[in-house]
$ cat run38.txt   # compact mmCIF, C-alpha atoms
# COMPACT_ATOMS: atom_id res chain seq x y z
CA MET O 1 163.04 243.68 369.97
CA THR O 2 161.32 246.99 370.65
CA ALA O 3 157.57 247.60 370.34
CA ARG O 4 158.24 249.84 367.35
CA GLU O 5 160.17 247.08 365.59
CA GLU O 6 157.44 244.54 366.33
CA THR O 7 154.80 246.87 364.89
CA ALA O 8 156.90 247.47 361.79
CA ILE O 9 157.47 243.75 361.25
CA GLN O 10 153.75 243.05 361.60
CA GLY O 11 153.16 245.70 358.98
CA MET O 12 155.65 244.06 356.66
CA ILE O 13 153.95 240.70 357.07
CA ALA O 14 150.59 242.26 356.24
CA ALA O 15 152.07 243.90 353.15
CA ARG O 16 153.55 240.69 351.72
CA SER O 17 150.49 239.93 349.62
CA ALA O 18 150.81 243.31 347.91
CA ASP O 19 154.60 243.36 347.42
CA PRO O 20 156.37 240.37 349.01
CA ILE O 21 159.85 241.28 347.72
CA LEU O 22 159.70 244.82 349.05
CA ALA O 23 158.29 243.59 352.36
CA ARG O 24 161.08 241.07 352.73
CA ARG O 25 163.70 243.68 351.94
CA ARG O 26 162.35 246.07 354.53
CA LEU O 27 162.28 243.28 357.06
CA LEU O 28 165.89 242.41 356.26
CA SER O 29 167.01 246.02 356.49
CA MET O 30 165.55 246.30 360.00
CA THR O 31 166.69 242.97 361.42
CA THR O 32 170.23 242.75 360.03
CA SER O 33 173.23 244.18 361.84
CA THR O 34 174.85 245.15 358.54
CA SER O 35 174.55 248.77 357.47
CA PHE O 36 172.87 248.40 354.09
CA PRO O 37 170.25 251.11 353.40
CA LEU O 38 167.12 250.18 351.53
CA THR O 39 167.93 252.88 349.00
CA TRP O 40 171.01 250.90 347.98
CA LEU O 41 168.78 247.96 347.09
CA ASP O 42 166.69 250.26 344.93
CA GLU O 43 169.85 251.51 343.17
CA LEU O 44 170.98 247.95 342.52
CA ASP O 45 167.56 247.08 341.11
CA VAL O 46 167.86 249.97 338.69
CA LEU O 47 171.39 248.97 337.63
CA ALA O 48 170.50 245.32 337.16
CA ALA O 49 167.45 246.15 335.06
CA ALA O 50 169.18 248.82 332.98
CA TRP O 51 172.38 246.89 332.36
CA ALA O 52 170.58 243.66 331.38
CA GLY O 53 173.48 241.42 332.32
CA GLY O 54 176.02 243.64 330.54
CA ASP O 55 174.18 244.10 327.24
CA ASN O 56 173.37 247.79 327.87
CA VAL O 57 176.38 249.17 329.73
CA THR O 58 179.79 250.43 328.72
CA ALA O 59 183.02 249.39 330.37
CA SER O 60 183.58 252.95 331.65
CA ALA O 61 180.12 253.13 333.25
CA ALA O 62 180.67 249.76 334.91
CA GLU O 63 184.08 250.90 336.16
CA ALA O 64 182.56 253.99 337.76
CA ALA O 65 179.86 251.94 339.45
CA LEU O 66 182.45 249.44 340.65
CA ALA O 67 184.43 252.23 342.34
CA LEU O 68 181.27 253.44 344.10
CA TRP O 69 180.32 249.99 345.40
CA ARG O 70 183.87 249.22 346.47
CA ALA O 71 183.70 252.24 348.75
CA ARG O 72 180.23 251.48 350.03
CA LEU O 73 180.89 247.82 350.77
CA GLN O 74 184.50 248.39 351.84
CA ARG O 75 185.86 245.95 349.25
CA PRO O 76 189.25 247.32 348.16
CA ALA O 77 191.00 245.74 345.20
CA VAL O 78 193.39 242.97 346.20
CA PRO O 79 195.79 240.88 344.08
CA GLU O 80 193.86 237.64 344.66
CA GLU O 81 190.54 239.14 343.54
CA GLU O 82 188.89 236.94 340.90
CA TRP O 83 187.85 238.72 337.70
CA LEU O 84 185.38 237.40 335.13
CA ASP O 85 184.71 238.42 331.55
CA VAL O 86 181.29 239.94 330.98
CA VAL O 87 179.73 238.05 328.08
CA THR O 88 176.84 237.99 325.61
CA PRO O 89 173.96 235.52 326.01
CA SER O 90 175.91 233.14 323.76
CA GLY O 91 179.00 233.40 325.95
CA GLU O 92 181.16 235.69 323.82
CA PRO O 93 183.21 238.23 325.83
CA TYR O 94 182.33 241.90 325.42
CA GLY O 95 185.97 242.84 325.93
CA TRP O 96 185.82 243.97 329.55
CA SER O 97 185.69 242.25 332.89
CA ALA O 98 184.62 242.77 336.49
CA PRO O 99 185.31 241.20 339.90
CA ARG O 100 183.28 238.10 340.60
CA TRP O 101 181.55 239.66 343.62
CA PHE O 102 180.51 242.68 341.53
CA CYS O 103 179.12 240.43 338.78
CA HIS O 104 176.97 238.78 341.44
CA LEU O 105 175.98 242.12 342.94
CA VAL O 106 174.54 243.65 339.76
CA GLY O 107 173.83 240.53 337.70
CA LEU O 108 176.56 240.78 335.09
CA ARG O 109 176.58 237.76 332.80
CA HIS O 110 179.63 235.50 333.08
CA ARG O 111 180.76 231.99 332.14
CA VAL O 112 180.63 228.76 334.15
CA VAL O 113 181.73 225.26 333.15
CA TYR O 114 180.49 221.87 334.32
CA VAL O 115 182.45 218.71 333.54
CA TYR O 116 181.21 215.12 333.68
CA LEU O 117 183.96 212.50 333.58
CA THR O 118 183.43 208.76 333.39
CA THR O 119 185.85 205.89 334.02
CA PRO O 120 186.93 203.34 331.39
CA GLN O 121 184.30 201.03 332.92
CA GLY O 122 181.53 203.57 332.33
CA LEU O 123 181.11 204.76 335.91
CA LEU O 124 180.36 208.44 336.46
CA ALA O 125 182.70 210.31 338.79
CA LEU O 126 180.71 212.60 341.05
CA GLN O 127 182.61 215.11 343.13
CA MET O 128 182.03 215.20 346.87
CA ARG O 129 182.48 218.82 347.85
CA ALA O 130 184.83 219.31 350.80
CA HIS O 131 183.16 219.77 354.18
CA THR O 132 185.02 223.08 354.53
CA LYS O 133 183.43 224.64 351.43
CA PRO O 134 181.38 227.72 352.38
CA GLU O 135 178.67 226.81 349.86
CA TRP O 136 177.02 223.38 349.80
CA PRO O 137 179.68 221.47 351.78
CA SER O 138 179.68 217.67 351.70
CA ARG O 139 177.31 217.55 348.73
CA PHE O 140 177.53 215.62 345.48
CA ASP O 141 178.47 217.76 342.50
CA THR O 142 179.62 217.44 338.91
CA THR O 143 183.11 215.98 338.50
CA VAL O 144 184.46 219.51 338.04
CA ALA O 145 182.78 222.91 338.04
CA GLY O 146 183.90 226.51 338.16
CA HIS O 147 183.91 230.01 336.75
CA VAL O 148 185.92 230.83 333.63
CA LYS O 149 188.35 233.53 334.67
CA ALA O 150 188.86 236.72 332.66
CA GLY O 151 191.02 236.42 329.57
CA ARG O 152 190.55 232.69 329.13
CA THR O 153 188.78 230.84 326.37
CA TRP O 154 186.17 228.22 327.22
CA GLU O 155 188.74 225.47 326.64
CA GLU O 156 191.38 227.19 328.75
CA GLY O 157 188.85 227.77 331.49
CA VAL O 158 187.63 224.19 331.65
CA MET O 159 191.15 222.76 331.62
CA ALA O 160 192.24 225.17 334.36
CA GLU O 161 189.34 224.01 336.56
CA ILE O 162 190.21 220.35 336.00
CA GLU O 163 193.81 220.98 336.99
CA GLU O 164 192.77 223.02 340.01
CA GLU O 165 190.26 220.51 341.36
CA LEU O 166 191.65 217.15 340.19
CA GLY O 167 195.36 217.86 339.69
CA LEU O 168 195.29 216.76 336.02
CA ALA O 169 197.21 219.23 333.86
CA ALA O 170 196.19 220.25 330.36
CA ILE O 171 199.70 219.55 329.08
CA THR O 172 199.28 215.85 329.91
CA ARG O 173 195.68 215.53 328.77
CA LYS O 174 196.51 212.79 326.25
CA ARG O 175 197.56 210.61 329.18
CA TRP O 176 194.54 211.16 331.41
CA LEU O 177 191.75 211.87 328.91
CA ALA O 178 190.56 209.34 326.33
CA ASN O 179 191.15 210.74 322.82
CA GLY O 180 192.79 213.74 324.50
CA ARG O 181 189.70 215.92 324.31
CA LEU O 182 186.43 216.81 325.96
CA GLN O 183 183.11 216.75 324.15
CA PRO O 184 180.70 219.69 324.35
CA VAL O 185 177.33 218.51 325.68
CA ALA O 186 175.06 221.54 326.02
CA GLY O 187 174.88 225.20 326.96
CA TYR O 188 172.27 227.32 328.67
CA GLU O 189 171.83 230.63 330.47
CA ARG O 190 170.49 230.85 333.98
CA TYR O 191 169.56 233.84 336.13
CA SER O 192 168.60 233.74 339.80
CA VAL O 193 168.34 236.32 342.56
CA ASP O 194 168.84 235.83 346.28
CA GLU O 195 167.24 238.80 348.02
CA GLY O 196 169.79 239.13 350.79
CA LEU O 197 171.83 242.10 351.98
CA PRO O 198 173.56 242.61 349.69
CA PRO O 199 171.52 240.76 347.06
CA TYR O 200 173.11 237.96 345.03
CA ARG O 201 172.29 238.11 341.33
CA ASN O 202 173.76 235.15 339.51
CA ARG O 203 173.54 235.36 335.72
CA GLN O 204 175.53 232.54 334.18
CA VAL O 205 176.16 231.21 330.70
CA ASN O 206 176.81 227.56 331.43
CA ARG O 207 178.56 225.04 329.21
CA ILE O 208 178.69 221.35 329.94
CA PHE O 209 181.54 219.10 328.84
CA ALA O 210 182.02 215.34 329.00
CA GLY O 211 184.97 213.01 328.73
CA THR O 212 186.38 209.66 329.75
CA LEU O 213 189.29 209.28 332.14
CA THR O 214 191.96 206.77 331.28
CA ALA O 215 193.19 204.29 333.88
CA TRP O 216 196.31 206.46 334.22
CA GLY O 217 194.18 209.55 334.75
CA LEU O 218 192.05 207.92 337.42
CA ALA O 219 195.18 206.78 339.24
CA HIS O 220 196.66 210.30 339.18
CA VAL O 221 193.68 212.29 340.46
CA GLY O 222 194.62 214.49 343.40
CA PHE O 223 192.83 217.13 345.48
CA ALA O 224 195.53 219.68 346.20
CA ASP O 225 193.35 222.79 346.51
CA GLY O 226 191.15 221.38 349.26
CA GLU O 227 187.89 222.13 347.45
CA VAL O 228 187.16 218.48 346.68
CA GLY O 229 186.69 215.86 349.39
CA GLY O 230 186.80 212.92 346.98
CA LEU O 231 185.17 211.26 343.99
CA TYR O 232 182.19 208.94 344.19
CA LEU O 233 182.10 206.45 341.31
CA CYS O 234 178.63 205.23 340.42
CA ARG O 235 176.55 204.01 337.53
CA PRO O 236 174.89 206.87 335.64
CA GLU O 237 171.50 205.43 336.58
CA GLU O 238 172.38 205.75 340.25
CA ALA O 239 173.44 209.36 339.73
CA GLN O 240 170.13 210.00 338.02
CA ARG O 241 168.25 208.64 341.02
CA LEU O 242 170.31 210.81 343.37
CA VAL O 243 169.51 213.90 341.37
CA THR O 244 165.84 213.00 341.12
CA THR O 245 165.52 212.59 344.89
CA GLY O 246 167.76 215.59 345.61
CA PHE O 247 169.73 213.57 348.16
CA LEU O 248 172.85 215.57 349.17
CA VAL O 249 173.00 217.13 345.72
CA ALA O 250 174.53 220.57 345.07
CA PRO O 251 172.51 222.96 342.85
CA GLY O 252 175.03 222.85 340.00
CA LEU O 253 174.61 219.09 339.66
CA GLN O 254 170.84 219.33 340.09
CA ARG O 255 170.47 221.80 337.22
CA SER O 256 173.11 220.55 334.77
CA PHE O 257 172.59 216.80 335.12
CA PRO O 258 169.46 216.54 332.93
CA TYR O 259 171.48 217.88 329.98
CA TRP O 260 174.29 215.39 330.51
CA TRP O 261 171.84 212.55 331.18
CA ALA O 262 170.02 213.14 327.88
CA TRP O 263 173.36 213.35 326.05
CA TRP O 264 174.69 210.19 327.68
CA LEU O 265 171.57 208.20 326.82
CA ALA O 266 171.80 209.36 323.21
CA GLN O 267 175.51 208.54 322.99
CA SER O 268 175.02 205.07 324.41
CA GLY O 269 171.94 204.37 322.34
CA GLN O 270 169.79 203.83 325.39
CA THR O 271 166.39 204.91 326.48
CA VAL O 272 165.46 206.10 329.95
CA PRO O 273 165.63 203.02 332.22
CA ALA O 274 162.36 201.87 333.70
CA ALA O 275 161.85 202.50 337.39
CA PRO O 276 162.72 199.42 339.52

$ encode --input "run38.txt" --output "structure tokens"
Amino acid sequence: MTAREETAIQGMIAARSADPILARRRLLSMTTSTSFPLTWLDELDVLAAAWAGGDNVTASAAEAALALWRARLQRPAVPEEEWLDVVTPSGEPYGWSAPRWFCHLVGLRHRVVYVYLTTPQGLLALQMRAHTKPEWPSRFDTTVAGHVKAGRTWEEGVMAEIEEELGLAAITRKRWLANGRLQPVAGYERYSVDEGLPPYRNRQVNRIFAGTLTAWGLAHVGFADGEVGGLYLCRPEEAQRLVTTGFLVAPGLQRSFPYWWAWWLAQSGQTVPAAP
């Protein structure tokens, strides 16, 4: 590190109390090997604030911005690119979509599902994320979780994720799912920003679903896509303790579990168990 860089970094540290986000960004822009000008961050701030998750932007304006950022970040369109519907705060599609990476770049609101499945004996099936997952490997997670792809309804999206992660097809749901249906538990919107280069703005409308696997369904679970390492069957009270302590728990489970836990207690007519 040169003397000039050291002086600049010291200046950034001193400026944190006045504007910690700007200081951190300047520090990142100087220490990263990626060519990402600070002015780009300012542009993204403006877009994210003006677009408000997709509420204040037209499809044509978003398309033009997408073309610009494709060129800047060298992200050409490819057949396997995942597209997500941009939605209202209640989760209703606006009628246009964008690539997943672009949604996360400018904070466009999109849909995510979390599924909690129990066994006939009342055990909760927690997913163990595969050790090869780029995000939160080898962590406990909800039974199933994922983004709802463009053009799908909530029901289609949740069933597609179950088939992808557990190998249980929607067409055979009456065999693997008690009563043949999932129950809606709760919904909420969440927005977070990771000030990296590029930044990661995650604005999600989340919906939580619950259901009970049949014995046939439990016997036919498979992990073909490699995203799931296995299922950990435990009493709901044990899962609650795991989440409370944060032990090897992925963020999706950490944030969605309180909604399911409250629903499960209400459904079973129980109160919160006393601490041992």

$ residues_around --input "run38.txt" --residues "Val148 of chain O" --least-positions-apart "2" --cutoff "12 Å" --atoms "only C-alpha atoms" --output "PyMOL selection string"
chain O and resi 82-87+91-93+97+100+109-114+145-146+150-162+204-207

$ atom_distance --input "run38.txt" --atom1 "atom CA of Leu182 of chain O" --atom2 "atom CA of Val115 of chain O"
8.8 Å

$ closest_residue --input "run38.txt" --among "O:Phe102, O:Trp263, O:Phe223, O:Trp51" --to "Gln183 of chain O" --atoms "only C-alpha atoms"
O:Trp263

$ axis_aligned_box --input "run38.txt" --around "segment 149-152 of chain O" --padding-each-side "3 Å" --output "JSON"
{"center_x": 189.7, "center_y": 234.7, "center_z": 331.9, "size_x": 8.7, "size_y": 10.0, "size_z": 11.5}

$ atom_distance --input "run38.txt" --atom1 "atom CA of Ala49 of chain O" --atom2 "atom CA of Gly252 of chain O"
25.0 Å

$ residues_near_point --input "run38.txt" --point "(181.2, 221.2, 325.8)" --cutoff "8 Å" --atoms "all atoms listed in the file" --output "list of chain:residue names"
O:Leu182, O:Gln183, O:Pro184, O:Val185, O:Ala186, O:Gly187, O:Arg207, O:Ile208, O:Phe209, O:Ala210

$ residues_around --input "run38.txt" --residues "Gly180 of chain O" --least-positions-apart "2" --cutoff "12 Å" --atoms "all atoms listed in the file" --output "list in words"
Met159, Ala169, Ala170, Ile171, Thr172, Arg173, Lys174, Arg175, Trp176, Leu177, Ala178, Leu182, Gln183, Ala210, Gly211, Thr212, Leu213, Thr214 and Gly217 of chain O

$ atom_distance --input "run38.txt" --atom1 "atom CA of Ser60 of chain O" --atom2 "atom CA of Leu108 of chain O"
14.5 Å

$ closest_residue --input "run38.txt" --among "O:Tyr191, O:Trp264, O:Trp136, O:Tyr232" --to "Ala48 of chain O" --atoms "only C-alpha atoms"
O:Tyr191

$ residues_around --input "run38.txt" --residues "Gly246 of chain O" --least-positions-apart "5" --cutoff "12 Å" --atoms "all atoms listed in the file" --output "PyMOL selection string"
chain O and resi 139-141+239-241+251-255+257

$ closest_residue --input "run38.txt" --among "O:Leu197, O:Pro99, O:Ala224, O:Leu124" --to "Val78 of chain O" --atoms "all atoms listed in the file"
O:Pro99

$ closest_residue --input "run38.txt" --among "O:Glu195, O:Val249, O:Gln127, O:Trp261" --to "Val228 of chain O" --atoms "all atoms listed in the file"
O:Gln127

$ residues_around --input "run38.txt" --residues "Glu135 of chain O" --least-positions-apart "5" --cutoff "10 Å" --atoms "only C-alpha atoms" --output "list in words"
Arg129, Ala130 and Ala250 of chain O

$ residues_around --input "run38.txt" --residues "segment 40-45 of chain O" --least-positions-apart "5" --cutoff "9 Å" --atoms "all atoms listed in the file" --output "JSON, numbers by chain"
{"O": [25, 50, 105, 106, 197, 198, 199]}

$ closest_residue --input "run38.txt" --among "O:His220, O:Ala77, O:Gly122, O:Glu189" --to "Pro89 of chain O" --atoms "only C-alpha atoms"
O:Glu189

$ closest_residue --input "run38.txt" --among "O:Tyr259, O:Ser268, O:Leu233, O:Phe247" --to "Ser138 of chain O" --atoms "only C-alpha atoms"
O:Phe247

$ decode --input "run38.txt" --residues "segment 111-135 of chain O" --atoms "N, CA, C and O atoms" --output "PDB file, in the first residue's frame"
ATOM      1  N   ARG O 111     -40.613 -11.618  -5.504  1.00  0.00           N
ATOM      2  CA  ARG O 111     -41.268 -12.554  -4.587  1.00  0.00           C
ATOM      3  C   ARG O 111     -40.345 -13.701  -4.183  1.00  0.00           C
ATOM      4  O   ARG O 111     -39.589 -14.229  -4.992  1.00  0.00           O
ATOM      5  N   VAL O 112     -40.466 -14.099  -2.908  1.00  0.00           N
ATOM      6  CA  VAL O 112     -39.725 -15.217  -2.352  1.00  0.00           C
ATOM      7  C   VAL O 112     -40.675 -16.060  -1.504  1.00  0.00           C
ATOM      8  O   VAL O 112     -41.540 -15.519  -0.808  1.00  0.00           O
ATOM      9  N   VAL O 113     -40.513 -17.375  -1.581  1.00  0.00           N
ATOM     10  CA  VAL O 113     -41.348 -18.279  -0.786  1.00  0.00           C
ATOM     11  C   VAL O 113     -40.491 -19.048   0.209  1.00  0.00           C
ATOM     12  O   VAL O 113     -39.339 -19.394  -0.062  1.00  0.00           O
ATOM     13  N   TYR O 114     -41.075 -19.302   1.374  1.00  0.00           N
ATOM     14  CA  TYR O 114     -40.484 -20.163   2.389  1.00  0.00           C
ATOM     15  C   TYR O 114     -41.518 -21.233   2.742  1.00  0.00           C
ATOM     16  O   TYR O 114     -42.699 -20.914   2.950  1.00  0.00           O
ATOM     17  N   VAL O 115     -41.070 -22.484   2.804  1.00  0.00           N
ATOM     18  CA  VAL O 115     -41.973 -23.591   3.086  1.00  0.00           C
ATOM     19  C   VAL O 115     -41.485 -24.348   4.314  1.00  0.00           C
ATOM     20  O   VAL O 115     -40.297 -24.695   4.412  1.00  0.00           O
ATOM     21  N   TYR O 116     -42.412 -24.600   5.232  1.00  0.00           N
ATOM     22  CA  TYR O 116     -42.137 -25.405   6.417  1.00  0.00           C
ATOM     23  C   TYR O 116     -42.985 -26.671   6.333  1.00  0.00           C
ATOM     24  O   TYR O 116     -44.219 -26.595   6.344  1.00  0.00           O
ATOM     25  N   LEU O 117     -42.313 -27.825   6.227  1.00  0.00           N
ATOM     26  CA  LEU O 117     -43.006 -29.098   6.148  1.00  0.00           C
ATOM     27  C   LEU O 117     -42.722 -29.923   7.399  1.00  0.00           C
ATOM     28  O   LEU O 117     -41.580 -29.990   7.867  1.00  0.00           O
ATOM     29  N   THR O 118     -43.766 -30.548   7.918  1.00  0.00           N
ATOM     30  CA  THR O 118     -43.628 -31.435   9.065  1.00  0.00           C
ATOM     31  C   THR O 118     -43.939 -32.865   8.644  1.00  0.00           C
ATOM     32  O   THR O 118     -44.554 -33.106   7.602  1.00  0.00           O
ATOM     33  N   THR O 119     -43.508 -33.813   9.456  1.00  0.00           N
ATOM     34  CA  THR O 119     -43.760 -35.228   9.196  1.00  0.00           C
ATOM     35  C   THR O 119     -45.096 -35.631   9.832  1.00  0.00           C
ATOM     36  O   THR O 119     -45.667 -34.879  10.637  1.00  0.00           O
ATOM     37  N   PRO O 120     -45.601 -36.818   9.510  1.00  0.00           N
ATOM     38  CA  PRO O 120     -46.841 -37.267  10.161  1.00  0.00           C
ATOM     39  C   PRO O 120     -46.719 -37.332  11.678  1.00  0.00           C
ATOM     40  O   PRO O 120     -47.725 -37.259  12.392  1.00  0.00           O
ATOM     41  N   GLN O 121     -45.504 -37.468  12.189  1.00  0.00           N
ATOM     42  CA  GLN O 121     -45.277 -37.526  13.638  1.00  0.00           C
ATOM     43  C   GLN O 121     -45.118 -36.134  14.264  1.00  0.00           C
ATOM     44  O   GLN O 121     -44.898 -36.018  15.475  1.00  0.00           O
ATOM     45  N   GLY O 122     -45.192 -35.090  13.453  1.00  0.00           N
ATOM     46  CA  GLY O 122     -45.099 -33.739  13.987  1.00  0.00           C
ATOM     47  C   GLY O 122     -43.704 -33.172  14.060  1.00  0.00           C
ATOM     48  O   GLY O 122     -43.481 -32.117  14.663  1.00  0.00           O
ATOM     49  N   LEU O 123     -42.726 -33.846  13.454  1.00  0.00           N
ATOM     50  CA  LEU O 123     -41.363 -33.320  13.430  1.00  0.00           C
ATOM     51  C   LEU O 123     -41.220 -32.313  12.288  1.00  0.00           C
ATOM     52  O   LEU O 123     -41.785 -32.497  11.208  1.00  0.00           O
ATOM     53  N   LEU O 124     -40.456 -31.273  12.524  1.00  0.00           N
ATOM     54  CA  LEU O 124     -40.209 -30.261  11.498  1.00  0.00           C
ATOM     55  C   LEU O 124     -38.991 -30.655  10.684  1.00  0.00           C
ATOM     56  O   LEU O 124     -37.958 -31.035  11.239  1.00  0.00           O
ATOM     57  N   ALA O 125     -39.122 -30.581   9.367  1.00  0.00           N
ATOM     58  CA  ALA O 125     -38.012 -30.913   8.469  1.00  0.00           C
ATOM     59  C   ALA O 125     -37.252 -29.638   8.127  1.00  0.00           C
ATOM     60  O   ALA O 125     -37.743 -28.782   7.394  1.00  0.00           O
ATOM     61  N   LEU O 126     -36.061 -29.504   8.689  1.00  0.00           N
ATOM     62  CA  LEU O 126     -35.195 -28.389   8.356  1.00  0.00           C
ATOM     63  C   LEU O 126     -34.226 -28.818   7.256  1.00  0.00           C
ATOM     64  O   LEU O 126     -33.665 -29.909   7.307  1.00  0.00           O
ATOM     65  N   GLN O 127     -34.050 -27.955   6.298  1.00  0.00           N
ATOM     66  CA  GLN O 127     -33.094 -28.231   5.224  1.00  0.00           C
ATOM     67  C   GLN O 127     -31.675 -27.940   5.705  1.00  0.00           C
ATOM     68  O   GLN O 127     -31.431 -26.939   6.377  1.00  0.00           O
ATOM     69  N   MET O 128     -30.760 -28.822   5.354  1.00  0.00           N
ATOM     70  CA  MET O 128     -29.337 -28.536   5.530  1.00  0.00           C
ATOM     71  C   MET O 128     -28.802 -28.140   4.161  1.00  0.00           C
ATOM     72  O   MET O 128     -28.779 -28.954   3.243  1.00  0.00           O
ATOM     73  N   ARG O 129     -28.429 -26.888   4.023  1.00  0.00           N
ATOM     74  CA  ARG O 129     -27.939 -26.405   2.746  1.00  0.00           C
ATOM     75  C   ARG O 129     -26.641 -27.135   2.368  1.00  0.00           C
ATOM     76  O   ARG O 129     -25.795 -27.403   3.221  1.00  0.00           O
ATOM     77  N   ALA O 130     -26.510 -27.452   1.093  1.00  0.00           N
ATOM     78  CA  ALA O 130     -25.330 -28.177   0.627  1.00  0.00           C
ATOM     79  C   ALA O 130     -24.056 -27.389   0.928  1.00  0.00           C
ATOM     80  O   ALA O 130     -24.058 -26.152   0.929  1.00  0.00           O
ATOM     81  N   HIS O 131     -22.981 -28.098   1.175  1.00  0.00           N
ATOM     82  CA  HIS O 131     -21.711 -27.429   1.492  1.00  0.00           C
ATOM     83  C   HIS O 131     -21.131 -26.691   0.291  1.00  0.00           C
ATOM     84  O   HIS O 131     -20.223 -25.872   0.443  1.00  0.00           O
ATOM     85  N   THR O 132     -21.671 -26.977  -0.905  1.00  0.00           N
ATOM     86  CA  THR O 132     -21.190 -26.312  -2.115  1.00  0.00           C
ATOM     87  C   THR O 132     -21.968 -25.034  -2.444  1.00  0.00           C
ATOM     88  O   THR O 132     -21.626 -24.341  -3.406  1.00  0.00           O
ATOM     89  N   LYS O 133     -23.007 -24.727  -1.671  1.00  0.00           N
ATOM     90  CA  LYS O 133     -23.783 -23.516  -1.942  1.00  0.00           C
ATOM     91  C   LYS O 133     -22.898 -22.286  -1.744  1.00  0.00           C
ATOM     92  O   LYS O 133     -22.169 -22.184  -0.756  1.00  0.00           O
ATOM     93  N   PRO O 134     -22.957 -21.319  -2.666  1.00  0.00           N
ATOM     94  CA  PRO O 134     -22.121 -20.122  -2.510  1.00  0.00           C
ATOM     95  C   PRO O 134     -22.545 -19.253  -1.329  1.00  0.00           C
ATOM     96  O   PRO O 134     -21.717 -18.535  -0.762  1.00  0.00           O
ATOM     97  N   GLU O 135     -23.824 -19.292  -0.973  1.00  0.00           N
ATOM     98  CA  GLU O 135     -24.320 -18.496   0.143  1.00  0.00           C
ATOM     99  C   GLU O 135     -24.761 -19.410   1.273  1.00  0.00           C
ATOM    100  O   GLU O 135     -25.552 -20.321   1.071  1.00  0.00           O
TER     101      GLU O 135
END
